Amino acid sequence: MKIDIFGMFVHEIAASIQPYGLPKFRAEQIAKWIYQHGVDDFENMTNLSKDHRVLLAEHFVIHTALAQAIEKSTDGKTSKYLLRFHDGMAVETVLMRQPYGNSVCVSTQVGCAMGCVFCASTLNGITRNLTAGEILAQVLYVNKLLQQEQAHVNTIVIMGSGEPLANYNHVVKFMRVIHADYCLNISYRSITLSTSGLVPEIDQLANEGLPVTLSISLHAPNNEIRSELMPINNRYPLVEVMAAANRYAQQTGRQVTYEYILIADVNDQAQHAKQLATLMRGRLANVNLIPVNSVIERGLLRPSNKQVQLFEQILLERKINVTVRREMGSDILAACGQLRHKVLNEINID
Ligand code: SAH
């Protein structure tokens, strides 16, 4: 069996090639070929000798990702890719061309086990975790496309399908590799990790020494509503999640973002805004309001623009940092799991 080197740290590549007589410094050259130049064939690594290239191809492979479906928003700013891995499994990756740079949203699991009622990723449960290499392959796929227009990936949001903290080791490894100078050298501050609120892993991440931005999917101003929307709230109730987020903010000095999906008549009323404001008071945090992308299967509806404004106003009056998420790609089903779910329904790929 050939060994897949995609997703390895440079020291791991060095350890893998050493038994075949390749000196250590070759590992750095190989890493740059696969990560910075998007080369997935040893034959094209022209600064290696012909003998080494043949030897490497005999013992190693470079598994990346292939596009199985692509959709572009009408304004051209958002592109969504259904990317397929070696074993035929596919996940969604989204490129958002923002005013401040190119942002890529990556998935961390095939499907999701969390069972949030508003989320399409979890409709068929979880199939498997992605490896660090498979998460990395999503960013590098988009980066390679951007290179053709002399651009590159600027920021990463770990907000695609899956619960990143339920796939902790692979996600942390992914962040360390993408940050390395033989890879894309993306600063930790340019990475945002979104979680439904796994308390022990939030604490573990705080002690990891990676100052990434943490985003908490709160979505409700009290336990009653949150438990209805997110089963995880029965295990880690809202106040415990917020306490962990505070510890994260203190440890890393990073402001935490709270995501709050607005669902008509469920959590979008004035009383909910007031309750949310009380929860947020005095925290190093900001609130991101997201009018829900309706998931037909779940019958949840988006509030009117007026209701969204009213909700925002109540928070602003109470001096809470709040933004309403810019609508990007809603015409191409850019909400979690929606493209994959549509393709699964249409062509039945798994
Ligand atoms: N499991 C992680 C990351 C993936 S979900 C988490 O829960 O944070 C990324 C974000 O998309 C979360 O805030 C999630 O609540 C949100 N999301 C899921 N379904 C959505 C929908 N139908 N409309 C709007 N946002 C949605």
# chains A, B, ... in the order shown; residues from 1 in each chain; ligands from 1
>>> residues_near_ligand(ligand="ligand 1", cutoff="8 Å", atoms="only C-alpha atoms and all ligand atoms", output="mmCIF file with C-alpha atoms, in the first residue's frame")
data_model
loop_
_atom_site.group_PDB
_atom_site.id
_atom_site.type_symbol
_atom_site.label_atom_id
_atom_site.label_comp_id
_atom_site.auth_asym_id
_atom_site.auth_seq_id
_atom_site.Cartn_x
_atom_site.Cartn_y
_atom_site.Cartn_z
ATOM 1 C CA SER A 107 -16.143 21.243 5.990
ATOM 2 C CA CYS A 112 -22.786 15.769 11.008
ATOM 3 C CA MET A 114 -25.114 17.161 16.112
ATOM 4 C CA CYS A 116 -29.430 20.852 14.980
ATOM 5 C CA PHE A 118 -32.212 24.087 11.232
ATOM 6 C CA CYS A 119 -29.160 22.525 9.593
ATOM 7 C CA ALA A 120 -29.125 20.518 6.363
ATOM 8 C CA SER A 121 -25.713 18.925 7.071
ATOM 9 C CA ILE A 158 -14.242 26.403 9.587
ATOM 10 C CA MET A 159 -18.007 26.571 9.231
ATOM 11 C CA GLY A 160 -18.878 24.030 6.567
ATOM 12 C CA SER A 161 -20.566 20.753 7.362
ATOM 13 C CA GLY A 162 -19.537 18.936 10.497
ATOM 14 C CA GLU A 163 -18.658 19.841 14.073
ATOM 15 C CA PRO A 164 -14.954 20.753 14.006
ATOM 16 C CA LEU A 193 -13.533 28.101 13.967
ATOM 17 C CA SER A 194 -17.251 27.752 14.557
ATOM 18 C CA THR A 195 -18.624 25.299 17.106
ATOM 19 C CA SER A 196 -22.010 24.233 18.401
ATOM 20 C CA GLY A 197 -20.413 24.360 21.852
ATOM 21 C CA SER A 215 -17.300 31.501 16.944
ATOM 22 C CA ILE A 216 -20.058 29.996 19.076
ATOM 23 C CA SER A 217 -23.329 28.903 17.509
ATOM 24 C CA LEU A 218 -25.647 30.216 20.194
ATOM 25 C CA HIS A 219 -28.918 30.670 18.296
ATOM 26 C CA GLU A 259 -23.738 33.420 15.888
ATOM 27 C CA TYR A 260 -27.473 33.801 16.252
ATOM 28 C CA ILE A 261 -29.729 32.451 13.524
ATOM 29 C CA ILE A 290 -28.037 35.425 10.524
ATOM 30 C CA PRO A 291 -31.519 35.321 8.990
ATOM 31 C CA VAL A 292 -31.991 31.555 8.654
ATOM 32 C CA ASN A 293 -31.656 29.944 5.259
ATOM 33 C CA SER A 294 -34.888 28.021 5.171
ATOM 34 C CA VAL A 295 -34.470 24.271 5.108
ATOM 35 C CA ALA A 335 -26.078 27.373 3.801
ATOM 36 C CA CYS A 336 -24.579 24.364 5.504
ATOM 37 C CA GLY A 337 -25.047 21.094 3.748
#
>>> residues_around(residues="Ile135 (chain A)", least_positions_apart="5", cutoff="8 Å", atoms="only C-alpha atoms", output="PyMOL selection string")
chain A and resi 106-108+130+171+174
>>> closest_atom_pairs(of="region 194-222 of chain A", to="region 239-257 of chain A", cutoff="7 Å", atoms="only C-alpha atoms", output="JSON lines")
{"residue": "A:Gly197", "atom": "CA", "partner": "A:Val241", "partner_atom": "CA", "distance": 5.7}
{"residue": "A:Val199", "atom": "CA", "partner": "A:Val241", "partner_atom": "CA", "distance": 5.9}
{"residue": "A:Ile202", "atom": "CA", "partner": "A:Ala244", "partner_atom": "CA", "distance": 6.5}
{"residue": "A:Asp203", "atom": "CA", "partner": "A:Ala244", "partner_atom": "CA", "distance": 6.5}
{"residue": "A:Ala206", "atom": "CA", "partner": "A:Tyr248", "partner_atom": "CA", "distance": 5.1}
{"residue": "A:Pro211", "atom": "CA", "partner": "A:Thr252", "partner_atom": "CA", "distance": 5.7}
{"residue": "A:Thr213", "atom": "CA", "partner": "A:Arg254", "partner_atom": "CA", "distance": 6.3}
{"residue": "A:Leu214", "atom": "CA", "partner": "A:Val256", "partner_atom": "CA", "distance": 5.4}
{"residue": "A:Ser215", "atom": "CA", "partner": "A:Thr257", "partner_atom": "CA", "distance": 4.5}
{"residue": "A:Ile216", "atom": "CA", "partner": "A:Thr257", "partner_atom": "CA", "distance": 6.2}
>>> atom_distance(atom1="CA of Asn234 (chain A)", atom2="CA of Gly282 (chain A)")
25.5 Å
>>> closest_residue(among="A:Thr64, A:Ala57, A:Val153, A:Lys80", to="Gln98 (chain A)", atoms="only C-alpha atoms")
A:Val153
>>> residues_around(residues="Ile232 (chain A)", least_positions_apart="3", cutoff="10 Å", atoms="only C-alpha atoms", output="list in words")
Ala113, Met114, Gly115, Cys116, Ser196, Gly197, Leu198, Arg226, Ser227, Glu228, Leu229, Arg235, Tyr236, Pro237 and Leu238 of chain A
>>> write_last_selection(atoms="N, CA and C atoms", output="short mmCIF file (atom, residue, chain, number, x, y, z; two decimals), in the first residue's frame")
data_model
loop_
_atom_site.label_atom_id
_atom_site.label_comp_id
_atom_site.auth_asym_id
_atom_site.auth_seq_id
_atom_site.Cartn_x
_atom_site.Cartn_y
_atom_site.Cartn_z
N ALA A 113 -23.19 14.85 13.21
CA ALA A 113 -23.94 14.08 14.20
C ALA A 113 -24.72 14.96 15.17
N MET A 114 -24.60 16.30 15.05
CA MET A 114 -25.11 17.16 16.11
C MET A 114 -26.64 17.28 16.13
N GLY A 115 -27.28 17.11 14.97
CA GLY A 115 -28.75 17.08 14.96
C GLY A 115 -29.45 18.42 15.13
N CYS A 116 -28.77 19.54 14.88
CA CYS A 116 -29.43 20.85 14.98
C CYS A 116 -30.60 20.89 13.99
N SER A 196 -20.69 24.27 17.77
CA SER A 196 -22.01 24.23 18.40
C SER A 196 -21.87 24.25 19.92
N GLY A 197 -20.62 24.17 20.41
CA GLY A 197 -20.41 24.36 21.85
C GLY A 197 -19.98 23.13 22.63
N LEU A 198 -18.87 22.49 22.21
CA LEU A 198 -18.33 21.35 22.96
C LEU A 198 -17.35 21.90 24.01
N ARG A 226 -32.85 26.90 23.16
CA ARG A 226 -31.62 26.32 22.61
C ARG A 226 -31.71 24.79 22.57
N SER A 227 -32.31 24.20 23.59
CA SER A 227 -32.43 22.74 23.61
C SER A 227 -33.37 22.23 22.51
N GLU A 228 -34.36 23.06 22.19
CA GLU A 228 -35.26 22.67 21.09
C GLU A 228 -34.55 22.68 19.75
N LEU A 229 -33.63 23.65 19.59
CA LEU A 229 -32.94 23.81 18.31
C LEU A 229 -31.70 22.93 18.20
N ARG A 235 -26.40 18.52 26.80
CA ARG A 235 -25.13 18.07 27.38
C ARG A 235 -24.35 19.26 27.93
N TYR A 236 -24.25 20.33 27.15
CA TYR A 236 -23.53 21.53 27.57
C TYR A 236 -24.46 22.72 27.46
N PRO A 237 -25.14 23.05 28.56
CA PRO A 237 -26.12 24.14 28.52
C PRO A 237 -25.46 25.48 28.22
N LEU A 238 -26.29 26.36 27.75
CA LEU A 238 -25.90 27.69 27.30
C LEU A 238 -24.91 28.41 28.23
#
>>> select_by_dssp(residues="region 10-187 of chain A", states="strand (DSSP E or B)", output="tab-separated table (two decimals) with N, CA and C atoms, in the first residue's frame")
chain	number	residue	atom	x	y	z
A	60	PHE	N	4.72	6.30	-2.66
A	60	PHE	CA	3.82	7.31	-2.09
A	60	PHE	C	2.78	7.80	-3.09
A	61	VAL	N	1.68	8.33	-2.54
A	61	VAL	CA	0.66	8.99	-3.38
A	61	VAL	C	0.34	10.35	-2.78
A	66	LEU	N	-11.28	16.42	-5.91
A	66	LEU	CA	-11.77	16.72	-7.27
A	66	LEU	C	-13.17	17.32	-7.18
A	67	ALA	N	-13.47	18.29	-8.06
A	67	ALA	CA	-14.80	18.90	-8.02
A	67	ALA	C	-15.82	17.98	-8.69
A	68	GLN	N	-16.90	17.72	-7.98
A	68	GLN	CA	-17.96	16.88	-8.52
A	68	GLN	C	-19.15	17.74	-8.98
A	69	ALA	N	-19.29	18.91	-8.37
A	69	ALA	CA	-20.32	19.88	-8.79
A	69	ALA	C	-19.85	21.26	-8.40
A	70	ILE	N	-20.18	22.24	-9.22
A	70	ILE	CA	-19.79	23.63	-8.94
A	70	ILE	C	-21.00	24.51	-9.19
A	71	GLU	N	-21.23	25.46	-8.28
A	71	GLU	CA	-22.29	26.44	-8.51
A	71	GLU	C	-21.75	27.82	-8.20
A	72	LYS	N	-22.14	28.79	-9.02
A	72	LYS	CA	-21.72	30.18	-8.79
A	72	LYS	C	-22.93	31.04	-8.56
A	78	THR	N	-19.74	34.40	-4.90
A	78	THR	CA	-19.71	33.17	-4.11
A	78	THR	C	-19.70	31.96	-5.04
A	79	SER	N	-18.77	31.06	-4.79
A	79	SER	CA	-18.74	29.81	-5.55
A	79	SER	C	-18.77	28.66	-4.56
A	80	LYS	N	-19.52	27.67	-4.93
A	80	LYS	CA	-19.64	26.53	-4.04
A	80	LYS	C	-19.19	25.29	-4.78
A	81	TYR	N	-18.35	24.50	-4.14
A	81	TYR	CA	-17.79	23.30	-4.77
A	81	TYR	C	-18.17	22.08	-3.96
A	82	LEU	N	-18.64	21.07	-4.65
A	82	LEU	CA	-18.81	19.78	-3.98
A	82	LEU	C	-17.54	19.01	-4.32
A	83	LEU	N	-16.68	18.80	-3.33
A	83	LEU	CA	-15.37	18.19	-3.59
A	83	LEU	C	-15.36	16.73	-3.15
A	84	ARG	N	-14.81	15.90	-4.03
A	84	ARG	CA	-14.82	14.46	-3.78
A	84	ARG	C	-13.42	13.98	-3.42
A	90	ALA	N	-17.98	13.03	-0.53
A	90	ALA	CA	-17.91	14.41	-0.99
A	90	ALA	C	-18.38	15.38	0.08
A	91	VAL	N	-17.77	16.55	0.12
A	91	VAL	CA	-18.19	17.61	1.05
A	91	VAL	C	-18.26	18.94	0.31
A	92	GLU	N	-18.85	19.91	0.98
A	92	GLU	CA	-18.97	21.24	0.38
A	92	GLU	C	-17.89	22.19	0.86
A	93	THR	N	-17.42	23.00	-0.07
A	93	THR	CA	-16.44	24.04	0.21
A	93	THR	C	-16.94	25.29	-0.49
A	94	VAL	N	-16.84	26.44	0.18
A	94	VAL	CA	-17.37	27.66	-0.42
A	94	VAL	C	-16.28	28.73	-0.48
A	95	LEU	N	-16.18	29.40	-1.62
A	95	LEU	CA	-15.31	30.56	-1.76
A	95	LEU	C	-16.17	31.81	-1.74
A	96	MET	N	-15.83	32.73	-0.84
A	96	MET	CA	-16.54	34.01	-0.78
A	96	MET	C	-15.56	35.13	-1.05
A	97	ARG	N	-15.83	35.86	-2.11
A	97	ARG	CA	-14.95	37.00	-2.44
A	97	ARG	C	-15.47	38.20	-1.66
A	98	GLN	N	-14.83	38.47	-0.55
A	98	GLN	CA	-15.26	39.56	0.33
A	98	GLN	C	-14.45	40.81	0.01
A	101	GLY	N	-10.95	40.37	1.20
A	101	GLY	CA	-10.12	39.27	0.70
A	101	GLY	C	-10.93	38.03	0.39
A	102	ASN	N	-10.21	36.99	-0.03
A	102	ASN	CA	-10.88	35.74	-0.39
A	102	ASN	C	-10.98	34.82	0.81
A	103	SER	N	-12.20	34.47	1.12
A	103	SER	CA	-12.44	33.64	2.29
A	103	SER	C	-12.95	32.26	1.85
A	104	VAL	N	-12.40	31.22	2.46
A	104	VAL	CA	-12.83	29.86	2.12
A	104	VAL	C	-13.50	29.23	3.33
A	105	CYS	N	-14.67	28.65	3.11
A	105	CYS	CA	-15.39	27.94	4.18
A	105	CYS	C	-15.19	26.45	3.96
A	109	GLN	N	-16.38	17.31	8.49
A	109	GLN	CA	-16.91	15.95	8.55
A	109	GLN	C	-17.81	15.71	7.34
A	110	VAL	N	-17.97	14.45	6.96
A	110	VAL	CA	-18.96	14.10	5.94
A	110	VAL	C	-20.27	13.91	6.71
A	111	GLY	N	-21.20	14.86	6.52
A	111	GLY	CA	-22.41	14.86	7.35
A	111	GLY	C	-22.10	15.43	8.72
A	126	ILE	N	-24.01	11.39	10.46
A	126	ILE	CA	-22.59	11.51	10.10
A	126	ILE	C	-22.11	10.25	9.39
A	127	THR	N	-21.25	10.44	8.39
A	127	THR	CA	-20.64	9.30	7.71
A	127	THR	C	-19.23	9.05	8.25
A	128	ARG	N	-18.42	10.11	8.23
A	128	ARG	CA	-17.08	9.97	8.83
A	128	ARG	C	-16.42	11.33	9.03
A	129	ASN	N	-15.35	11.33	9.83
A	129	ASN	CA	-14.51	12.52	9.98
A	129	ASN	C	-13.68	12.72	8.72
A	155	THR	N	-8.46	34.31	4.08
A	155	THR	CA	-8.99	33.90	5.38
A	155	THR	C	-9.74	32.57	5.26
A	156	ILE	N	-9.81	31.87	6.38
A	156	ILE	CA	-10.48	30.56	6.39
A	156	ILE	C	-11.54	30.55	7.48
A	157	VAL	N	-12.72	30.09	7.14
A	157	VAL	CA	-13.74	29.87	8.17
A	157	VAL	C	-14.05	28.37	8.22
A	158	ILE	N	-13.95	27.83	9.41
A	158	ILE	CA	-14.24	26.40	9.59
A	158	ILE	C	-15.70	26.33	10.01
>>> closest_residue(among="A:Asn233, A:Leu276, A:Tyr188, A:Leu140", to="His37 (chain A)", atoms="only C-alpha atoms")
A:Leu140
>>> select_by_dssp(residues="region 150-311 of chain A", states="alpha helix (DSSP H)", output="MDAnalysis selection string")
chainID A and resid 168:179 199:206 223:229 238:252 270:280 305:311
>>> atom_distance(atom1="CA of Asp40 (chain A)", atom2="CA of Leu145 (chain A)")
14.8 Å
>>> closest_residue(among="A:Leu310, A:Leu262, A:Ala14, A:Leu301", to="Arg325 (chain A)", atoms="only C-alpha atoms")
A:Leu262
